[in-house]
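What follows is the content of start-v1.cif, which has mmCIF, C-alpha atoms:
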data_protein
loop_
_atom_site.label_atom_id
_atom_site.label_comp_id
_atom_site.auth_asym_id
_atom_site.auth_seq_id
_atom_site.Cartn_x
_atom_site.Cartn_y
_atom_site.Cartn_z
CA MET A 23 0.00 0.00 0.00
CA ASP A 24 1.07 3.58 -0.72
CA LEU A 25 0.30 5.04 2.70
CA LYS A 26 1.40 8.65 2.40
CA SER A 27 1.83 11.59 0.04
CA GLY A 28 3.97 14.73 0.02
CA TYR A 29 6.82 15.33 2.46
CA PRO A 30 6.12 13.87 5.92
CA PHE A 31 7.98 16.01 8.42
CA TRP A 32 9.45 13.26 10.58
CA ALA A 33 11.15 11.45 7.73
CA VAL A 34 12.45 14.71 6.25
CA ARG A 35 13.76 15.88 9.60
CA ASN A 36 15.40 12.62 10.67
CA GLY A 37 16.33 10.90 7.43
CA LEU A 38 17.23 7.23 7.43
CA MET A 39 18.36 6.90 11.04
CA GLN A 40 19.74 3.36 10.86
CA ALA A 41 20.09 0.69 8.21
CA PHE A 42 18.59 -2.72 8.91
CA PRO A 43 19.35 -5.76 6.75
CA GLN A 44 17.04 -7.55 4.36
CA LEU A 45 16.12 -11.10 5.35
CA GLU A 46 18.29 -13.55 3.39
CA ARG A 47 18.01 -16.78 5.37
CA ASP A 48 15.41 -18.94 7.07
CA LEU A 49 14.73 -18.24 10.75
CA HIS A 50 12.81 -19.47 13.75
CA CYS A 51 11.76 -17.42 16.79
CA ASP A 52 9.22 -17.13 19.58
CA VAL A 53 7.34 -14.20 18.03
CA LEU A 54 7.41 -12.77 14.52
CA VAL A 55 6.15 -9.19 14.28
CA ILE A 56 5.11 -8.09 10.79
CA GLY A 57 5.35 -4.32 10.60
CA GLY A 58 8.21 -1.95 11.40
CA GLY A 59 6.19 1.14 12.32
CA ILE A 60 5.41 2.54 15.74
CA THR A 61 2.84 -0.17 16.54
CA GLY A 62 5.18 -3.02 15.66
CA ALA A 63 8.07 -1.35 17.46
CA LEU A 64 6.13 -0.86 20.71
CA ILE A 65 4.88 -4.44 20.71
CA ALA A 66 8.22 -5.97 19.71
CA ASP A 67 10.08 -3.98 22.35
CA HIS A 68 7.58 -4.92 25.05
CA LEU A 69 7.83 -8.61 24.19
CA GLY A 70 11.62 -8.44 23.96
CA GLN A 71 11.90 -6.74 27.35
CA HIS A 72 9.92 -9.62 28.85
CA GLY A 73 12.09 -12.41 27.56
CA HIS A 74 10.57 -13.33 24.21
CA ASP A 75 12.79 -14.03 21.22
CA VAL A 76 11.43 -11.52 18.68
CA VAL A 77 11.95 -11.02 14.94
CA VAL A 78 10.55 -7.93 13.17
CA VAL A 79 10.08 -7.68 9.41
CA GLU A 80 9.01 -4.59 7.45
CA GLN A 81 8.32 -4.47 3.72
CA ARG A 82 9.62 -0.87 3.38
CA ASP A 83 12.35 0.91 5.29
CA ILE A 84 11.65 1.04 9.02
CA GLY A 85 9.14 3.73 9.96
CA TRP A 86 8.40 4.62 6.35
CA GLY A 87 4.71 3.67 6.28
CA SER A 88 2.02 5.52 8.19
CA THR A 89 4.40 6.25 11.08
CA ALA A 90 6.22 8.82 8.95
CA ALA A 91 2.89 10.59 8.38
CA SER A 92 1.68 10.40 11.99
CA THR A 93 1.08 13.66 13.82
CA ALA A 94 1.61 11.91 17.19
CA LEU A 95 -0.89 13.61 19.45
CA LEU A 96 -0.74 11.45 22.57
CA GLN A 97 -4.10 11.68 24.31
CA TYR A 98 -6.21 9.50 26.55
CA GLU A 99 -9.24 11.04 24.88
CA ILE A 100 -10.66 8.62 22.32
CA ASP A 101 -12.25 9.92 19.10
CA THR A 102 -15.51 8.47 20.41
CA PRO A 103 -16.64 10.46 23.49
CA MET A 104 -16.86 8.57 26.75
CA GLN A 105 -20.62 9.09 26.98
CA VAL A 106 -21.10 7.59 23.50
CA LEU A 107 -18.96 4.55 24.38
CA ALA A 108 -20.90 4.17 27.62
CA ARG A 109 -24.20 4.04 25.75
CA ARG A 110 -22.82 1.43 23.36
CA TYR A 111 -20.85 -0.86 25.69
CA GLY A 112 -21.75 0.25 29.22
CA LEU A 113 -20.02 2.74 31.50
CA ASP A 114 -17.58 0.21 32.97
CA HIS A 115 -16.17 -0.62 29.53
CA ALA A 116 -16.00 3.06 28.53
CA LEU A 117 -14.07 3.87 31.69
CA LEU A 118 -11.77 0.90 31.12
CA ALA A 119 -10.88 2.13 27.62
CA TYR A 120 -10.30 5.73 28.68
CA ARG A 121 -8.25 4.78 31.74
CA ALA A 122 -6.11 2.42 29.68
CA CYS A 123 -5.27 5.26 27.29
CA ALA A 124 -4.45 7.49 30.27
CA GLU A 125 -2.11 4.85 31.67
CA ALA A 126 -0.51 4.45 28.23
CA ILE A 127 0.68 8.07 28.26
CA GLY A 128 2.58 7.40 31.46
CA GLN A 129 4.00 4.20 29.99
CA LEU A 130 5.13 6.08 26.88
CA ARG A 131 6.76 8.74 29.05
CA GLN A 132 8.72 6.07 30.89
CA LEU A 133 9.70 4.39 27.62
CA ALA A 134 10.83 7.70 26.14
CA ARG A 135 13.10 8.26 29.14
CA GLN A 136 14.63 4.82 28.66
CA VAL A 137 15.43 5.12 24.96
CA GLY A 138 16.02 8.91 24.93
CA LYS A 139 16.00 11.56 22.21
CA VAL A 140 12.42 11.13 20.94
CA ASP A 141 11.22 14.69 21.73
CA PHE A 142 8.68 13.50 24.28
CA GLN A 143 7.04 16.42 26.07
CA PRO A 144 3.98 16.49 28.36
CA ALA A 145 1.20 18.78 27.18
CA ASP A 146 -2.35 19.86 27.93
CA SER A 147 -5.23 19.03 25.60
CA LEU A 148 -8.04 21.47 24.85
CA TYR A 149 -11.14 19.89 23.32
CA TYR A 150 -13.31 22.78 22.16
CA ALA A 151 -16.85 23.12 20.85
CA SER A 152 -16.80 23.94 17.16
CA ARG A 153 -20.36 25.29 17.28
CA THR A 154 -22.80 26.47 19.92
CA ARG A 155 -24.98 23.43 19.33
CA ASP A 156 -22.08 21.19 20.41
CA LEU A 157 -21.87 22.87 23.81
CA SER A 158 -24.43 20.85 25.79
CA GLY A 159 -22.90 17.52 24.71
CA LEU A 160 -19.43 18.79 25.59
CA ILE A 161 -20.59 19.85 29.06
CA ASP A 162 -22.11 16.39 29.60
CA GLU A 163 -18.80 14.83 28.53
CA TYR A 164 -16.89 17.07 30.96
CA GLU A 165 -19.21 16.19 33.86
CA LEU A 166 -18.90 12.45 33.18
CA ARG A 167 -15.10 12.54 33.06
CA ARG A 168 -14.86 14.74 36.16
CA LYS A 169 -17.21 12.48 38.08
CA HIS A 170 -14.96 9.51 37.42
CA GLY A 171 -11.70 11.12 38.43
CA PHE A 172 -10.17 12.44 35.21
CA ALA A 173 -8.15 15.66 35.57
CA VAL A 174 -10.34 17.96 33.52
CA HIS A 175 -11.30 21.63 33.81
CA TRP A 176 -14.13 23.50 32.14
CA ARG A 177 -13.42 26.63 30.10
CA ASP A 178 -16.34 28.82 29.09
CA ALA A 179 -16.12 31.14 26.10
CA ALA A 180 -14.44 33.88 28.14
CA GLY A 181 -11.95 31.39 29.59
CA VAL A 182 -11.05 29.99 26.18
CA HIS A 183 -10.36 33.48 24.88
CA ALA A 184 -8.45 34.66 27.95
CA ASP A 185 -6.30 31.57 28.44
CA HIS A 186 -5.91 30.24 24.90
CA GLY A 187 -6.31 33.25 22.63
CA PHE A 188 -9.17 32.21 20.32
CA ASN A 189 -12.96 32.16 20.28
CA ALA A 190 -15.03 29.02 21.03
CA PRO A 191 -18.28 28.49 22.94
CA GLY A 192 -16.55 26.29 25.53
CA ALA A 193 -13.90 23.61 26.00
CA ILE A 194 -12.62 20.75 28.15
CA LEU A 195 -9.03 21.25 29.28
CA SER A 196 -7.26 18.00 30.14
CA ASP A 197 -3.97 17.93 32.03
CA LEU A 198 -2.89 14.59 30.59
CA ALA A 199 -1.51 14.63 27.05
CA ALA A 200 1.88 14.58 25.36
CA ARG A 201 3.71 14.85 22.06
CA MET A 202 6.70 13.05 20.59
CA ASP A 203 8.50 12.16 17.39
CA PRO A 204 7.03 8.75 16.45
CA TYR A 205 9.60 8.10 13.75
CA ARG A 206 12.52 8.50 16.18
CA MET A 207 10.74 6.40 18.79
CA THR A 208 10.28 3.60 16.25
CA TYR A 209 13.95 3.56 15.27
CA ARG A 210 15.24 3.81 18.81
CA LEU A 211 12.99 1.00 20.08
CA LEU A 212 13.98 -1.34 17.27
CA ALA A 213 17.66 -0.43 17.68
CA ARG A 214 17.36 -1.35 21.36
CA LEU A 215 15.64 -4.62 20.46
CA GLN A 216 18.47 -5.44 18.06
CA ARG A 217 21.16 -4.62 20.65
CA GLN A 218 19.45 -6.94 23.12
CA GLY A 219 19.37 -9.90 20.77
CA GLY A 220 16.22 -9.40 18.74
CA GLN A 221 16.39 -9.31 14.94
CA VAL A 222 15.02 -6.58 12.67
CA PHE A 223 14.76 -6.80 8.88
CA ASP A 224 13.40 -4.25 6.45
CA ARG A 225 12.67 -4.46 2.71
CA THR A 226 11.24 -7.91 3.51
CA ARG A 227 7.68 -8.57 2.40
CA ILE A 228 5.71 -11.48 3.80
CA THR A 229 3.48 -12.98 1.12
CA ALA A 230 2.19 -16.21 2.65
CA LEU A 231 1.18 -17.49 6.09
CA GLU A 232 0.26 -20.91 7.38
CA ALA A 233 -1.00 -21.29 10.95
CA THR A 234 -1.21 -24.66 12.71
CA THR A 235 -2.14 -25.56 16.27
CA ARG A 236 1.54 -25.46 17.29
CA GLN A 237 3.23 -22.79 15.19
CA VAL A 238 3.01 -20.31 12.33
CA HIS A 239 5.01 -20.43 9.10
CA ALA A 240 5.64 -17.20 7.16
CA ARG A 241 7.23 -16.93 3.71
CA SER A 242 8.76 -13.82 2.16
CA SER A 243 8.52 -12.74 -1.46
CA ASP A 244 12.14 -13.90 -1.84
CA GLY A 245 11.32 -17.38 -0.57
CA MET A 246 12.77 -17.04 2.94
CA ARG A 247 10.84 -18.88 5.66
CA ILE A 248 10.27 -17.90 9.27
CA ARG A 249 8.91 -20.41 11.76
CA CYS A 250 7.45 -18.94 14.97
CA LYS A 251 5.31 -19.89 17.94
CA HIS A 252 3.23 -16.72 17.58
CA LEU A 253 2.86 -14.06 14.91
CA VAL A 254 1.79 -10.44 15.45
CA MET A 255 0.29 -8.71 12.42
CA ALA A 256 1.18 -5.05 13.04
CA ALA A 257 1.26 -3.93 9.40
CA GLY A 258 -0.95 -0.90 10.02
CA TYR A 259 -3.70 -0.34 7.51
CA ALA A 260 -2.33 -3.10 5.26
CA SER A 261 -3.23 -5.65 7.96
CA GLN A 262 -6.79 -5.78 6.64
CA HIS A 263 -5.46 -7.50 3.50
CA TRP A 264 -4.98 -10.62 5.62
CA LEU A 265 -8.65 -10.79 6.62
CA ASP A 266 -11.53 -11.99 4.46
CA SER A 267 -13.92 -9.46 6.02
CA ARG A 268 -13.25 -5.72 6.33
CA VAL A 269 -13.22 -4.47 9.91
CA ALA A 270 -12.40 -0.79 9.31
CA ARG A 271 -12.68 1.87 6.65
CA ASN A 272 -9.55 3.44 5.19
CA ARG A 273 -9.54 7.22 4.87
CA SER A 274 -7.02 9.98 4.13
CA SER A 275 -5.92 12.71 6.52
CA TYR A 276 -3.86 15.80 5.71
CA ALA A 277 -1.30 17.80 7.64
CA PHE A 278 1.32 20.49 7.39
CA VAL A 279 4.03 21.91 9.61
CA THR A 280 5.37 25.47 9.66
CA ASP A 281 8.90 26.72 9.94
CA PRO A 282 10.01 27.34 13.54
CA LEU A 283 8.04 30.14 15.20
CA THR A 284 8.95 32.34 18.12
CA GLU A 285 7.71 31.33 21.55
CA GLU A 286 5.81 34.61 21.68
CA ALA A 287 4.00 33.82 18.43
CA LEU A 288 3.05 30.32 19.59
CA GLY A 289 1.83 31.53 22.97
CA PRO A 290 -0.35 28.90 24.70
CA LEU A 291 0.09 26.54 21.74
CA ARG A 292 3.62 25.78 23.00
CA THR A 293 2.17 23.60 25.75
CA THR A 294 -1.44 22.93 24.73
CA MET A 295 -2.73 20.87 21.82
CA LEU A 296 -6.12 21.73 20.35
CA TRP A 297 -8.84 19.65 18.74
CA GLU A 298 -12.52 20.24 18.10
CA THR A 299 -15.91 18.55 18.25
CA ALA A 300 -16.58 18.80 14.48
CA HIS A 301 -16.08 15.73 12.29
CA PRO A 302 -13.63 15.59 10.68
CA TYR A 303 -11.86 17.66 13.29
CA LEU A 304 -9.09 20.23 13.07
CA TYR A 305 -6.16 19.70 15.42
CA LEU A 306 -2.99 21.61 16.28
CA ARG A 307 0.11 20.97 18.32
CA SER A 308 3.63 22.34 18.51
CA THR A 309 6.88 20.45 17.98
CA ALA A 310 10.07 20.40 20.03
CA ASP A 311 11.62 23.04 17.76
CA ASN A 312 8.60 25.38 18.01
CA ARG A 313 6.93 24.57 14.72
CA LEU A 314 3.15 24.37 14.54
CA LEU A 315 1.80 21.07 13.25
CA VAL A 316 -1.75 21.24 11.89
CA GLY A 317 -3.92 18.34 10.73
CA GLY A 318 -7.40 17.38 9.65
CA GLU A 319 -9.52 17.74 6.51
CA ASP A 320 -10.04 13.97 6.45
CA ASP A 321 -11.85 12.51 3.48
CA ALA A 322 -12.94 9.12 2.22
CA LEU A 323 -10.21 8.83 -0.42
CA ASP A 324 -8.24 5.61 -0.53
CA VAL A 325 -6.72 6.21 -3.97
CA PRO A 326 -3.08 7.37 -3.65
CA ALA A 327 -2.93 9.39 -6.88
CA ARG A 328 -6.06 11.37 -6.01
CA ARG A 329 -4.84 11.86 -2.44
CA ASP A 330 -1.48 13.12 -3.73
CA ALA A 331 -3.19 15.75 -5.87
CA ARG A 332 -5.07 17.16 -2.89
CA VAL A 333 -2.19 17.73 -0.47
CA ASP A 334 -1.45 21.38 -1.32
CA THR A 335 -5.11 22.39 -1.51
CA LYS A 336 -5.87 20.68 1.79
CA ALA A 337 -2.87 22.36 3.43
CA ARG A 338 -4.15 25.77 2.33
CA THR A 339 -7.61 24.94 3.67
CA LEU A 340 -6.14 23.90 7.02
CA ALA A 341 -4.06 27.06 7.16
CA GLY A 342 -7.18 29.10 6.48
CA LYS A 343 -9.05 27.45 9.35
CA VAL A 344 -6.21 28.06 11.79
CA GLY A 345 -5.90 31.63 10.51
CA LYS A 346 -9.50 32.28 11.54
CA LEU A 347 -8.71 31.08 15.06
CA PHE A 348 -5.31 32.78 15.35
CA PRO A 349 -5.05 35.65 12.81
CA GLN A 350 -1.69 36.72 14.24
CA LEU A 351 0.08 33.41 13.51
CA PRO A 352 2.36 33.06 10.45
CA LEU A 353 1.04 29.89 8.86
CA THR A 354 3.01 29.20 5.69
CA PRO A 355 3.31 25.40 5.35
CA ALA A 356 6.96 24.34 5.21
CA PHE A 357 6.10 20.67 4.61
CA ALA A 358 2.69 19.24 3.77
CA TRP A 359 1.63 15.63 3.49
CA ALA A 360 -1.24 13.17 3.64
CA GLY A 361 -1.52 9.71 5.07
CA THR A 362 -3.85 6.76 5.14
CA PHE A 363 -5.60 5.99 8.37
CA ALA A 364 -8.46 3.68 9.28
CA GLU A 365 -11.62 4.15 11.28
CA THR A 366 -13.54 1.46 13.08
CA PRO A 367 -17.27 2.00 13.58
CA ASP A 368 -16.84 2.58 17.33
CA GLY A 369 -13.41 4.25 17.34
CA LEU A 370 -11.80 1.34 19.22
CA PRO A 371 -8.85 -0.80 18.08
CA PHE A 372 -8.53 -4.54 17.54
CA PHE A 373 -5.88 -6.55 19.37
CA GLY A 374 -5.79 -10.31 19.41
CA PRO A 375 -6.53 -13.39 17.32
CA HIS A 376 -9.12 -13.56 14.56
CA ARG A 377 -11.07 -16.79 14.00
CA GLN A 378 -9.86 -16.89 10.38
CA TRP A 379 -6.28 -17.57 11.52
CA GLY A 380 -6.59 -19.20 14.93
CA PRO A 381 -5.04 -18.39 18.31
CA ARG A 382 -1.38 -18.04 17.26
CA VAL A 383 -1.87 -15.09 14.87
CA HIS A 384 -2.47 -11.86 16.80
CA PHE A 385 -3.66 -8.76 14.98
CA ALA A 386 -2.58 -5.33 16.23
CA MET A 387 -4.89 -2.82 14.57
CA ALA A 388 -4.39 0.44 16.46
CA TYR A 389 -6.87 2.32 14.32
CA GLY A 390 -8.23 5.80 14.98
CA GLY A 391 -6.81 9.02 16.37
CA ASN A 392 -5.28 7.26 19.40
CA GLY A 393 -3.05 4.93 17.41
CA ILE A 394 0.07 5.30 19.55
CA THR A 395 -1.62 5.12 22.94
CA TYR A 396 -3.70 2.19 21.67
CA SER A 397 -0.47 0.48 20.56
CA MET A 398 1.10 0.93 23.99
CA THR A 399 -1.96 -0.67 25.58
CA GLY A 400 -2.09 -3.31 22.86
CA ALA A 401 1.45 -4.42 23.62
CA GLY A 402 0.24 -5.59 27.02
CA ILE A 403 -2.85 -7.26 25.53
CA VAL A 404 -0.78 -9.19 22.98
CA ARG A 405 1.80 -10.23 25.55
CA ALA A 406 -0.93 -11.46 27.91
CA ALA A 407 -2.47 -13.54 25.11
CA ILE A 408 0.89 -15.08 24.17
CA GLU A 409 1.61 -15.87 27.82
CA LYS A 410 -1.93 -17.23 28.30
CA ARG A 411 -2.81 -14.66 30.97
CA PRO A 412 -6.05 -12.68 31.33
CA HIS A 413 -6.19 -8.99 30.42
CA PRO A 414 -9.05 -6.64 31.36
CA LEU A 415 -9.30 -5.22 27.82
CA LYS A 416 -9.10 -8.54 25.99
CA ALA A 417 -12.82 -8.67 25.15
CA LEU A 418 -13.49 -4.99 24.47
CA PHE A 419 -10.52 -4.59 22.12
CA SER A 420 -11.06 -7.93 20.36
CA PHE A 421 -12.86 -8.95 17.19
CA ALA A 422 -15.51 -10.55 19.42
CA ARG A 423 -17.29 -7.22 19.78
CA LEU A 424 -18.23 -7.44 16.08
CA ASP A 425 -20.31 -10.58 16.72
#

Conversion result in structure tokens:
Amino acid sequence: MDLKSGYPFWAVRNGLMQAFPQLERDLHCDVLVIGGGITGALIADHLGQHGHDVVVVEQRDIGWGSTAASTALLQYEIDTPMQVLARRYGLDHALLAYRACAEAIGQLRQLARQVGKVDFQPADSLYYASRTRDLSGLIDEYELRRKHGFAVHWRDAAGVHADHGFNAPGAILSDLAARMDPYRMTYRLLARLQRQGGQVFDRTRITALEATTRQVHARSSDGMRIRCKHLVMAAGYASQHWLDSRVARNRSSYAFVTDPLTEEALGPLRTTMLWETAHPYLYLRSTADNRLLVGGEDDALDVPARRDARVDTKARTLAGKVGKLFPQLPLTPAFAWAGTFAETPDGLPFFGPHRQWGPRVHFAMAYGGNGITYSMTGAGIVRAAIEKRPHPLKALFSFARLD
């Protein structure tokens, strides 16, 4: 799959950080992870740190799929509001999902400290009402989160303007959010895995799988074979190619980043990321070198050539929207890009086996706006399944909820 268009900032900024070899021999291991993006890296590292012999294969260069196009807003707030999840699955399950994402931010902070140099920074998150008619639902969402112990604060229209410098009918301010460079995190995690005895191969495409009751056999396009006890399919949006039935809808999202701005120009945006109630939603966050990263304008395109042609127009549209909020900001896009992402009907991910492949093939589909926090949580779910232990999110984040 061609998963991105334009010039994704992380890849341009970092370049090819480390070369990994192509697979040229047969192998066997405890766990084979297919996918060398941020999801595969988080899961492979977690398994490797807990004693599993892990091999990672990626069909492109490491981090060069959707990870290079990620905007890496790390939030516990799921695209589906807590009150909507509660109506669909019950309050206990909604709380479980939201609290898991909150815990994942702390886990990512700890991981960033361990591997270093991934531009991890804590931030606030401001979820604002795009229109007056969104206000009552947003207040209900605030009250529900506050009641159940989440660190949230209400901002009325005057508070939004005074504290954040733009106009909105109201907003939820959350203390718990963060930002990082997902491309660097991917490389540094896989480099650590390799140093500690794991094996990482890029430019290696898996074309065939065979799962038995005891093991899984994978074959590459070059005829190399990997025999493993368990396989984790963490190939991002390409993972759906391995399922007979579609479980999510692929879409395109667009983003741009500015040249570095002064701290005075960024103002509250230096430490607070913004997103809105409209769908698709506009979102903004700063980078470690004081650029402004803007994303949104999602559409239903899943045709790379048509997506490519829209990047510049979408970037101008995004700049226009931000300009209405912050007329004083210089918003010339330095780099603009688009990427494929997937949406599930309920905004939740899928982690675990699918009946088509049996219990030894684990899918890691961290779909939606919380892809990285979902992946951090999913690493624990996958490890628990491999080690035959229970996990509180096993059912909610599994394919069973489609039945």

Q: Give me the result of the PyMOL selection byres ((chain A and resi 200-210) around 6) on this file, residue by residue, as a list in words.
A: Ile60, Ala63, Gly85, Ala90, Leu95, Leu96, Val140, Asp141, Phe142, Gln143, Pro144, Ala145, Ala199, Leu211, Leu212 and Ala213 of chain A

Given all atoms listed in the file, how would the per-residue table for region 51-143 of chain A near region 294-302 of chain A read, listing every residue at most 12 Å away with its closest atom pair and distance in Å to one decimal, sorted by chain and number, as a tab-separated table?
residue	atom	partner	partner_atom	distance
A:Thr93	CA	A:Met295	CA	11.4
A:Ala94	CA	A:Met295	CA	11.0
A:Leu95	CA	A:Met295	CA	7.9
A:Leu96	CA	A:Met295	CA	9.7
A:Gln97	CA	A:Met295	CA	9.6
A:Glu99	CA	A:Trp297	CA	10.6
A:Ile100	CA	A:Trp297	CA	11.7
A:Asp101	CA	A:Thr299	CA	9.4
A:Thr102	CA	A:Thr299	CA	10.3
A:Pro103	CA	A:Thr299	CA	9.7
A:Gln143	CA	A:Thr294	CA	10.8

Q.
Can you measure CA of Ile65 (chain A) to CA of Leu38 (chain A) for me? One decimal in Å is fine.
A. 21.6 Å

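Neighbours of region 155-158 of chain A closer than or equal to 9 Å, with only C-alpha atoms counted and sequence neighbours fewer than 2 positions away skipped, come out as Tyr150, Ala151, Ser152, Arg153, Leu160, Ile161, Asp162, Glu163, Pro191, Gly192, Ala193, Thr299 and Ala300 of chain A.
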
Q.
Evaluate the PyMOL selection byres ((chain A and resi 116) around 12) against this structure - the residues, as a PyMOL selection string, please.
A. chain A and resi 98-100+102-115+117-123+166-167+170+368-370+415+418-419

Just save region 73-113 of chain A with C-alpha atoms, as a PDB file, in the first residue's frame.
ATOM      1  CA  GLY A  73      12.094 -12.411  27.564  1.00  0.00           C
ATOM      2  CA  HIS A  74      10.570 -13.334  24.213  1.00  0.00           C
ATOM      3  CA  ASP A  75      12.792 -14.031  21.216  1.00  0.00           C
ATOM      4  CA  VAL A  76      11.426 -11.521  18.679  1.00  0.00           C
ATOM      5  CA  VAL A  77      11.946 -11.015  14.941  1.00  0.00           C
ATOM      6  CA  VAL A  78      10.545  -7.930  13.174  1.00  0.00           C
ATOM      7  CA  VAL A  79      10.084  -7.675   9.406  1.00  0.00           C
ATOM      8  CA  GLU A  80       9.007  -4.595   7.453  1.00  0.00           C
ATOM      9  CA  GLN A  81       8.322  -4.471   3.721  1.00  0.00           C
ATOM     10  CA  ARG A  82       9.619  -0.875   3.376  1.00  0.00           C
ATOM     11  CA  ASP A  83      12.346   0.914   5.291  1.00  0.00           C
ATOM     12  CA  ILE A  84      11.645   1.035   9.017  1.00  0.00           C
ATOM     13  CA  GLY A  85       9.144   3.726   9.957  1.00  0.00           C
ATOM     14  CA  TRP A  86       8.404   4.619   6.354  1.00  0.00           C
ATOM     15  CA  GLY A  87       4.714   3.673   6.285  1.00  0.00           C
ATOM     16  CA  SER A  88       2.015   5.523   8.194  1.00  0.00           C
ATOM     17  CA  THR A  89       4.400   6.249  11.080  1.00  0.00           C
ATOM     18  CA  ALA A  90       6.223   8.819   8.946  1.00  0.00           C
ATOM     19  CA  ALA A  91       2.892  10.592   8.376  1.00  0.00           C
ATOM     20  CA  SER A  92       1.678  10.400  11.994  1.00  0.00           C
ATOM     21  CA  THR A  93       1.078  13.656  13.820  1.00  0.00           C
ATOM     22  CA  ALA A  94       1.610  11.907  17.190  1.00  0.00           C
ATOM     23  CA  LEU A  95      -0.895  13.606  19.447  1.00  0.00           C
ATOM     24  CA  LEU A  96      -0.741  11.452  22.566  1.00  0.00           C
ATOM     25  CA  GLN A  97      -4.100  11.679  24.306  1.00  0.00           C
ATOM     26  CA  TYR A  98      -6.206   9.498  26.554  1.00  0.00           C
ATOM     27  CA  GLU A  99      -9.243  11.044  24.875  1.00  0.00           C
ATOM     28  CA  ILE A 100     -10.661   8.625  22.319  1.00  0.00           C
ATOM     29  CA  ASP A 101     -12.247   9.922  19.104  1.00  0.00           C
ATOM     30  CA  THR A 102     -15.513   8.466  20.410  1.00  0.00           C
ATOM     31  CA  PRO A 103     -16.638  10.462  23.494  1.00  0.00           C
ATOM     32  CA  MET A 104     -16.860   8.572  26.754  1.00  0.00           C
ATOM     33  CA  GLN A 105     -20.618   9.092  26.982  1.00  0.00           C
ATOM     34  CA  VAL A 106     -21.098   7.586  23.504  1.00  0.00           C
ATOM     35  CA  LEU A 107     -18.956   4.554  24.383  1.00  0.00           C
ATOM     36  CA  ALA A 108     -20.904   4.170  27.621  1.00  0.00           C
ATOM     37  CA  ARG A 109     -24.198   4.044  25.747  1.00  0.00           C
ATOM     38  CA  ARG A 110     -22.817   1.434  23.364  1.00  0.00           C
ATOM     39  CA  TYR A 111     -20.852  -0.861  25.686  1.00  0.00           C
ATOM     40  CA  GLY A 112     -21.749   0.255  29.220  1.00  0.00           C
ATOM     41  CA  LEU A 113     -20.021   2.735  31.499  1.00  0.00           C
TER      42      LEU A 113
END
